[in-house]
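Content type PDB, C-alpha atoms, from the file query20.pdb:
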```pdb
ATOM      1  CA  MET A   1      14.118  37.923 -57.793
ATOM      2  CA  PRO A   2      16.654  35.521 -56.257
ATOM      3  CA  LEU A   3      15.399  32.653 -54.210
ATOM      4  CA  ALA A   4      16.019  32.600 -50.491
ATOM      5  CA  SER A   5      18.950  30.631 -49.214
ATOM      6  CA  THR A   6      18.277  26.993 -48.766
ATOM      7  CA  PHE A   7      18.652  25.224 -45.480
ATOM      8  CA  PRO A   8      19.131  21.516 -44.977
ATOM      9  CA  LEU A   9      16.003  19.864 -43.728
ATOM     10  CA  ARG A  10      16.232  17.840 -40.570
ATOM     11  CA  PRO A  11      14.102  14.745 -40.455
ATOM     12  CA  MET A  12      11.185  14.849 -38.064
ATOM     13  CA  ILE A  13      11.659  12.884 -34.862
ATOM     14  CA  PRO A  14       8.771  10.492 -34.238
ATOM     15  CA  ALA A  15       6.816  11.423 -31.117
ATOM     16  CA  SER A  16       7.519   7.984 -29.691
ATOM     17  CA  ASP A  17      11.253   8.800 -29.682
ATOM     18  CA  VAL A  18      10.921  12.068 -27.770
ATOM     19  CA  GLN A  19      11.778  11.612 -24.112
ATOM     20  CA  SER A  20      10.525  14.032 -21.506
ATOM     21  CA  PRO A  21      13.099  14.895 -18.871
ATOM     22  CA  LYS A  22      12.851  12.681 -15.820
ATOM     23  CA  LEU A  23      12.691  14.375 -12.479
ATOM     24  CA  GLN A  24      14.208  12.579  -9.551
ATOM     25  CA  THR A  25      12.877  13.961  -6.327
ATOM     26  CA  LYS A  26      14.721  13.722  -3.057
ATOM     27  CA  TRP A  27      13.394  11.375  -0.368
ATOM     28  CA  THR A  28      10.226  13.029   0.940
ATOM     29  CA  THR A  29       8.237  12.065   4.018
ATOM     30  CA  ALA A  30       4.775  10.747   3.113
ATOM     31  CA  ILE A  31       3.861   9.364   6.556
ATOM     32  CA  PHE A  32       5.369  11.253   9.466
ATOM     33  CA  ALA A  33       6.886   9.862  12.677
ATOM     34  CA  GLY A  34       4.470   7.670  14.580
ATOM     35  CA  GLY A  35       2.201   7.087  11.595
ATOM     36  CA  LEU A  36       3.436   3.592  10.805
ATOM     37  CA  ILE A  37       2.186   2.249  14.146
ATOM     38  CA  LEU A  38      -1.387   3.401  13.404
ATOM     39  CA  THR A  39      -3.675   1.527  11.009
ATOM     40  CA  ASP A  40      -6.209   3.233   8.798
ATOM     41  CA  ASN A  41      -8.605   0.277   8.526
ATOM     42  CA  ALA A  42      -7.908  -2.209  11.340
ATOM     43  CA  ASP A  43      -5.509  -4.515   9.478
ATOM     44  CA  SER A  44      -7.744  -4.740   6.392
ATOM     45  CA  LEU A  45      -7.416  -3.385   2.878
ATOM     46  CA  ILE A  46      -8.447   0.270   2.921
ATOM     47  CA  VAL A  47     -11.629   0.618   0.886
ATOM     48  CA  ASN A  48     -12.769   4.135   1.800
ATOM     49  CA  PRO A  49      -9.635   6.305   1.903
ATOM     50  CA  LYS A  50     -11.482   9.601   2.369
ATOM     51  CA  ALA A  51     -13.001   8.309   5.599
ATOM     52  CA  SER A  52     -10.105   6.087   6.744
ATOM     53  CA  ILE A  53      -6.922   8.051   6.019
ATOM     54  CA  THR A  54      -7.446  11.020   8.278
ATOM     55  CA  GLY A  55      -4.476  11.069  10.634
ATOM     56  CA  ALA A  56      -2.226  14.095  10.981
ATOM     57  CA  THR A  57       0.743  11.834  10.186
ATOM     58  CA  ARG A  58      -0.355  11.336   6.562
ATOM     59  CA  ARG A  59      -0.014  13.829   3.733
ATOM     60  CA  ALA A  60      -0.865  14.003   0.066
ATOM     61  CA  ILE A  61       2.062  14.100  -2.351
ATOM     62  CA  SER A  62       1.944  15.905  -5.691
ATOM     63  CA  LEU A  63       3.297  13.790  -8.554
ATOM     64  CA  PRO A  64       5.484  15.445 -11.217
ATOM     65  CA  PRO A  65       4.011  15.061 -14.733
ATOM     66  CA  SER A  66       7.084  13.165 -15.969
ATOM     67  CA  ALA A  67       7.042  10.642 -13.104
ATOM     68  CA  THR A  68       7.224   6.956 -13.961
ATOM     69  CA  THR A  69       8.008   5.231 -10.643
ATOM     70  CA  VAL A  70       7.416   5.773  -6.936
ATOM     71  CA  PHE A  71       9.883   4.230  -4.457
ATOM     72  CA  LEU A  72       8.914   3.754  -0.800
ATOM     73  CA  ARG A  73      11.169   3.075   2.189
ATOM     74  CA  MET A  74      10.896   3.106   5.966
ATOM     75  CA  LYS A  75      13.165   5.251   8.131
ATOM     76  CA  TYR A  76      13.421   3.855  11.658
ATOM     77  CA  ASP A  77      15.677   4.054  14.709
ATOM     78  CA  VAL A  78      18.820   1.971  15.101
ATOM     79  CA  GLY A  79      18.288  -0.695  17.757
ATOM     80  CA  VAL A  80      14.780  -1.672  16.635
ATOM     81  CA  THR A  81      14.062  -5.336  15.974
ATOM     82  CA  VAL A  82      11.121  -5.847  13.641
ATOM     83  CA  SER A  83       8.329  -8.278  14.471
ATOM     84  CA  VAL A  84       5.765  -6.988  11.918
ATOM     85  CA  ASN A  85       6.620  -5.033   8.756
ATOM     86  CA  PRO A  86       4.090  -2.336   7.864
ATOM     87  CA  VAL A  87       1.780  -2.842   4.891
ATOM     88  CA  VAL A  88       0.538   0.212   2.992
ATOM     89  CA  ASN A  89      -2.080   0.996   0.346
ATOM     90  CA  LEU A  90      -1.472   3.709  -2.270
ATOM     91  CA  PHE A  91      -4.312   5.871  -3.544
ATOM     92  CA  ALA A  92      -4.122   8.183  -6.539
ATOM     93  CA  PHE A  93      -6.364  11.190  -7.084
ATOM     94  CA  ASP A  94      -6.736  14.567  -8.758
ATOM     95  CA  GLY A  95      -7.763  17.858  -7.263
ATOM     96  CA  ASP A  96      -6.688  20.111  -4.448
ATOM     97  CA  PRO A  97      -5.758  18.035  -1.381
ATOM     98  CA  ASN A  98      -6.331  21.097   0.834
ATOM     99  CA  ASN A  99      -9.940  21.561  -0.262
ATOM    100  CA  ALA A 100     -12.751  20.504   2.085
ATOM    101  CA  ASP A 101     -13.566  17.703  -0.390
ATOM    102  CA  PRO A 102     -10.040  17.299  -1.738
ATOM    103  CA  VAL A 103     -10.062  14.224  -3.828
ATOM    104  CA  GLY A 104     -13.337  13.127  -5.308
ATOM    105  CA  PHE A 105     -12.643   9.670  -6.720
ATOM    106  CA  MET A 106      -9.620   7.885  -5.258
ATOM    107  CA  ALA A 107      -8.159   4.901  -7.097
ATOM    108  CA  LEU A 108      -6.422   2.109  -5.190
ATOM    109  CA  SER A 109      -3.165   1.568  -7.025
ATOM    110  CA  PRO A 110      -2.245  -1.998  -7.891
ATOM    111  CA  ASN A 111       1.239  -3.248  -7.075
ATOM    112  CA  GLY A 112       2.136  -5.914  -9.584
ATOM    113  CA  PRO A 113      -0.194  -8.571 -10.921
ATOM    114  CA  GLY A 114      -3.282  -8.752  -8.756
ATOM    115  CA  GLY A 115      -1.678  -7.127  -5.707
ATOM    116  CA  THR A 116      -2.871  -3.936  -4.060
ATOM    117  CA  SER A 117      -0.833  -3.812  -0.841
ATOM    118  CA  ILE A 118       2.863  -3.046  -0.441
ATOM    119  CA  THR A 119       4.882  -4.510   2.432
ATOM    120  CA  ILE A 120       7.645  -2.165   3.562
ATOM    121  CA  GLU A 121      10.494  -4.451   4.573
ATOM    122  CA  ALA A 122      12.813  -3.619   7.442
ATOM    123  CA  ASN A 123      15.926  -5.666   8.104
ATOM    124  CA  PRO A 124      18.288  -3.955  10.565
ATOM    125  CA  ASP A 125      21.100  -6.354   9.618
ATOM    126  CA  LEU A 126      21.010  -5.330   5.938
ATOM    127  CA  ASP A 127      19.467  -1.845   5.854
ATOM    128  CA  ALA A 128      21.587   1.246   5.275
ATOM    129  CA  THR A 129      22.277   3.338   8.367
ATOM    130  CA  ASP A 130      23.584   6.775   9.266
ATOM    131  CA  GLY A 131      24.277   5.686  12.852
ATOM    132  CA  THR A 132      20.973   7.067  14.155
ATOM    133  CA  HIS A 133      18.434   5.648  11.683
ATOM    134  CA  HIS A 134      18.098   2.637   9.426
ATOM    135  CA  TYR A 135      16.735   3.124   5.910
ATOM    136  CA  GLY A 136      14.881   0.049   4.707
ATOM    137  CA  ALA A 137      15.276  -1.433   1.265
ATOM    138  CA  TYR A 138      12.783   0.320  -0.949
ATOM    139  CA  ALA A 139       9.665  -1.092  -2.546
ATOM    140  CA  SER A 140       8.436   0.423  -5.798
ATOM    141  CA  THR A 141       5.332   0.841  -7.886
ATOM    142  CA  ARG A 142       4.932   2.101 -11.440
ATOM    143  CA  VAL A 143       3.278   5.485 -11.767
ATOM    144  CA  SER A 144       1.250   4.018 -14.634
ATOM    145  CA  ALA A 145      -0.511   2.093 -11.882
ATOM    146  CA  LEU A 146      -1.610   5.478 -10.516
ATOM    147  CA  PHE A 147      -3.904   5.936 -13.527
ATOM    148  CA  GLY A 148      -2.464   9.316 -14.553
ATOM    149  CA  HIS A 149      -3.642  11.115 -11.420
ATOM    150  CA  SER A 150      -1.758  14.092 -10.027
ATOM    151  CA  HIS A 151      -1.581  13.206  -6.321
ATOM    152  CA  LEU A 152      -0.740  10.250  -4.117
ATOM    153  CA  LEU A 153      -1.991   9.411  -0.616
ATOM    154  CA  ILE A 154      -0.672   6.448   1.371
ATOM    155  CA  GLY A 155      -2.559   4.690   4.139
ATOM    156  CA  VAL A 156      -1.381   2.035   6.579
ATOM    157  CA  GLN A 157      -3.166  -1.306   6.267
ATOM    158  CA  THR A 158      -1.002  -3.178   8.803
ATOM    159  CA  ALA A 159       0.922  -1.306  11.489
ATOM    160  CA  ALA A 160       4.636  -1.814  12.096
ATOM    161  CA  ALA A 161       5.531  -3.591  15.323
ATOM    162  CA  ALA A 162       8.835  -4.142  17.075
ATOM    163  CA  SER A 163       9.957  -6.911  19.401
ATOM    164  CA  VAL A 164      12.830  -4.705  20.612
ATOM    165  CA  GLY A 165      12.684  -0.916  20.595
ATOM    166  CA  SER A 166       9.842   1.088  19.075
ATOM    167  CA  PHE A 167       8.586   2.306  15.716
ATOM    168  CA  ALA A 168       7.109   5.416  17.396
ATOM    169  CA  SER A 169       9.525   7.648  15.497
ATOM    170  CA  ALA A 170       9.544   5.631  12.245
ATOM    171  CA  SER A 171       8.368   7.339   9.055
ATOM    172  CA  LEU A 172       7.646   6.380   5.452
ATOM    173  CA  GLU A 173       9.621   8.185   2.773
ATOM    174  CA  ILE A 174       9.056   8.229  -0.968
ATOM    175  CA  LYS A 175      11.150   9.189  -3.973
ATOM    176  CA  ILE A 176       9.623   9.812  -7.381
ATOM    177  CA  TYR A 177      11.347   9.214 -10.722
TER     178      TYR A 177
END
```
Would you mind writing the file out in structure tokens?
Amino acid sequence: MPLASTFPLRPMIPASDVQSPKLQTKWTTAIFAGGLILTDNADSLIVNPKASITGATRRAISLPPSATTVFLRMKYDVGVTVSVNPVVNLFAFDGDPNNADPVGFMALSPNGPGGTSITIEANPDLDATDGTHHYGAYASTRVSALFGHSHLLIGVQTAAAASVGSFASASLEIKIY
């Protein structure tokens, strides 16, 4: 009986060389208009997110499994002069955010060495604009800092304030890579 045809063997690719496809999401609103002027813990680090982050302007974001980085930026009206940039805290969790007890354990995500808060910078002189809104330079955090959880919730530690105009219609947008 003749032997089956032979096929060239391809070398195995080490698992460390296999790259999962990276998903780039579009800019998505994480804190809706008016939410950046409301604090979730009176200008202090948020320590109990389930009790503190309750406003209708906040929403949980589902993280894609291949995500590596979360970018955050503020969208605010042209004509606003910033006196206080907002400071936010990121919390990662698993579970159904629509459940009555949606999150169980929530982990405060570090931002760089020893830091847990992210200042969202606004500079009307340098920020991109579409003529109606400015889009602040983005801040970023590594998804590895989210401890492998599937969802993200952002709370406001320090509210945005303006010396000219208002942040009443400002929102916080995120993009996930």
Residues proximal to (12.2, 12.1, 9.4) were defined as those with any atom within 10 Å of that point in the file's coordinates, counting all atoms listed in the file. Which are they, as a list in words? Trp27, Thr28, Thr29, Ala30, Ile31, Phe32, Ala33, Met74, Lys75, Tyr76, His133, Ser169, Ala170, Ser171, Leu172 and Glu173 of chain A
Neighbour list for Ile46 in chain A as a count of residues only, cut-off 12 Å, all atoms listed in the file, skip fewer than 4 positions in-chain: 25
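The interatomic distance for the pair CA of Leu72 in chain A and CA of Ala160 in chain A works out to 14.7 Å.
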Go through the shown structure with the PyMOL selection byres ((chain A and resi 164) around 8) and write out the matching residues as a PyMOL selection string. chain A and resi 79-82+162-163+165-166
Pick out the closest residue to Thr119 in chain A from this set: A:Tyr138, A:Phe93, A:Phe167, A:Tyr177. Count all atoms listed in the file. A:Tyr138
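Minimum atom-to-atom distances from A:Thr69, A:Thr129, A:Asn123, A:Ser62 to Thr141 in chain A were compared using all atoms listed in the file, and the lowest value belongs to A:Thr69.
Each of A:Val47, A:Ala60, A:Val78, A:Ala168 was checked against Gly136 in chain A using only C-alpha atoms; the smallest atom-to-atom distance is that of A:Val78.
Coordinates place CA of Gly34 in chain A at a distance of 25.9 Å from CA of Leu146 in chain A.
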Once 3 Å is added on each side, what centre and edge lengths in Å to one decimal does the axis-aligned box around all listed atoms of range 121-136 of chain A have, as lines of an AutoDock Vina configuration file?
```
center_x = 17.4
center_y = 0.4
center_z = 9.4
size_x = 19.8
size_y = 19.4
size_z = 15.6
```
For the point (9.8, 0.1, -4.5) in the file's frame, write as a ChimeraX atom specification all residues with an atom no more than 10 Å away, counting all atoms listed in the file. /A:69-73,111,118-120,137-142,174-175
Writer output for current selection, C-alpha atoms, as a PDB file, keeping the file's coordinate frame:
```pdb
ATOM      1  CA  THR A  69       8.008   5.231 -10.643  1.00  0.00           C
ATOM      2  CA  VAL A  70       7.416   5.773  -6.936  1.00  0.00           C
ATOM      3  CA  PHE A  71       9.883   4.230  -4.457  1.00  0.00           C
ATOM      4  CA  LEU A  72       8.914   3.754  -0.800  1.00  0.00           C
ATOM      5  CA  ARG A  73      11.169   3.075   2.189  1.00  0.00           C
ATOM      6  CA  ASN A 111       1.239  -3.248  -7.075  1.00  0.00           C
ATOM      7  CA  ILE A 118       2.863  -3.046  -0.441  1.00  0.00           C
ATOM      8  CA  THR A 119       4.882  -4.510   2.432  1.00  0.00           C
ATOM      9  CA  ILE A 120       7.645  -2.165   3.562  1.00  0.00           C
ATOM     10  CA  ALA A 137      15.276  -1.433   1.265  1.00  0.00           C
ATOM     11  CA  TYR A 138      12.783   0.320  -0.949  1.00  0.00           C
ATOM     12  CA  ALA A 139       9.665  -1.092  -2.546  1.00  0.00           C
ATOM     13  CA  SER A 140       8.436   0.423  -5.798  1.00  0.00           C
ATOM     14  CA  THR A 141       5.332   0.841  -7.886  1.00  0.00           C
ATOM     15  CA  ARG A 142       4.932   2.101 -11.440  1.00  0.00           C
ATOM     16  CA  ILE A 174       9.056   8.229  -0.968  1.00  0.00           C
ATOM     17  CA  LYS A 175      11.150   9.189  -3.973  1.00  0.00           C
TER      18      LYS A 175
END
```
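Taking CA of Asp125 in chain A and CA of Gly35 in chain A as the two end points, the separation is 23.3 Å.
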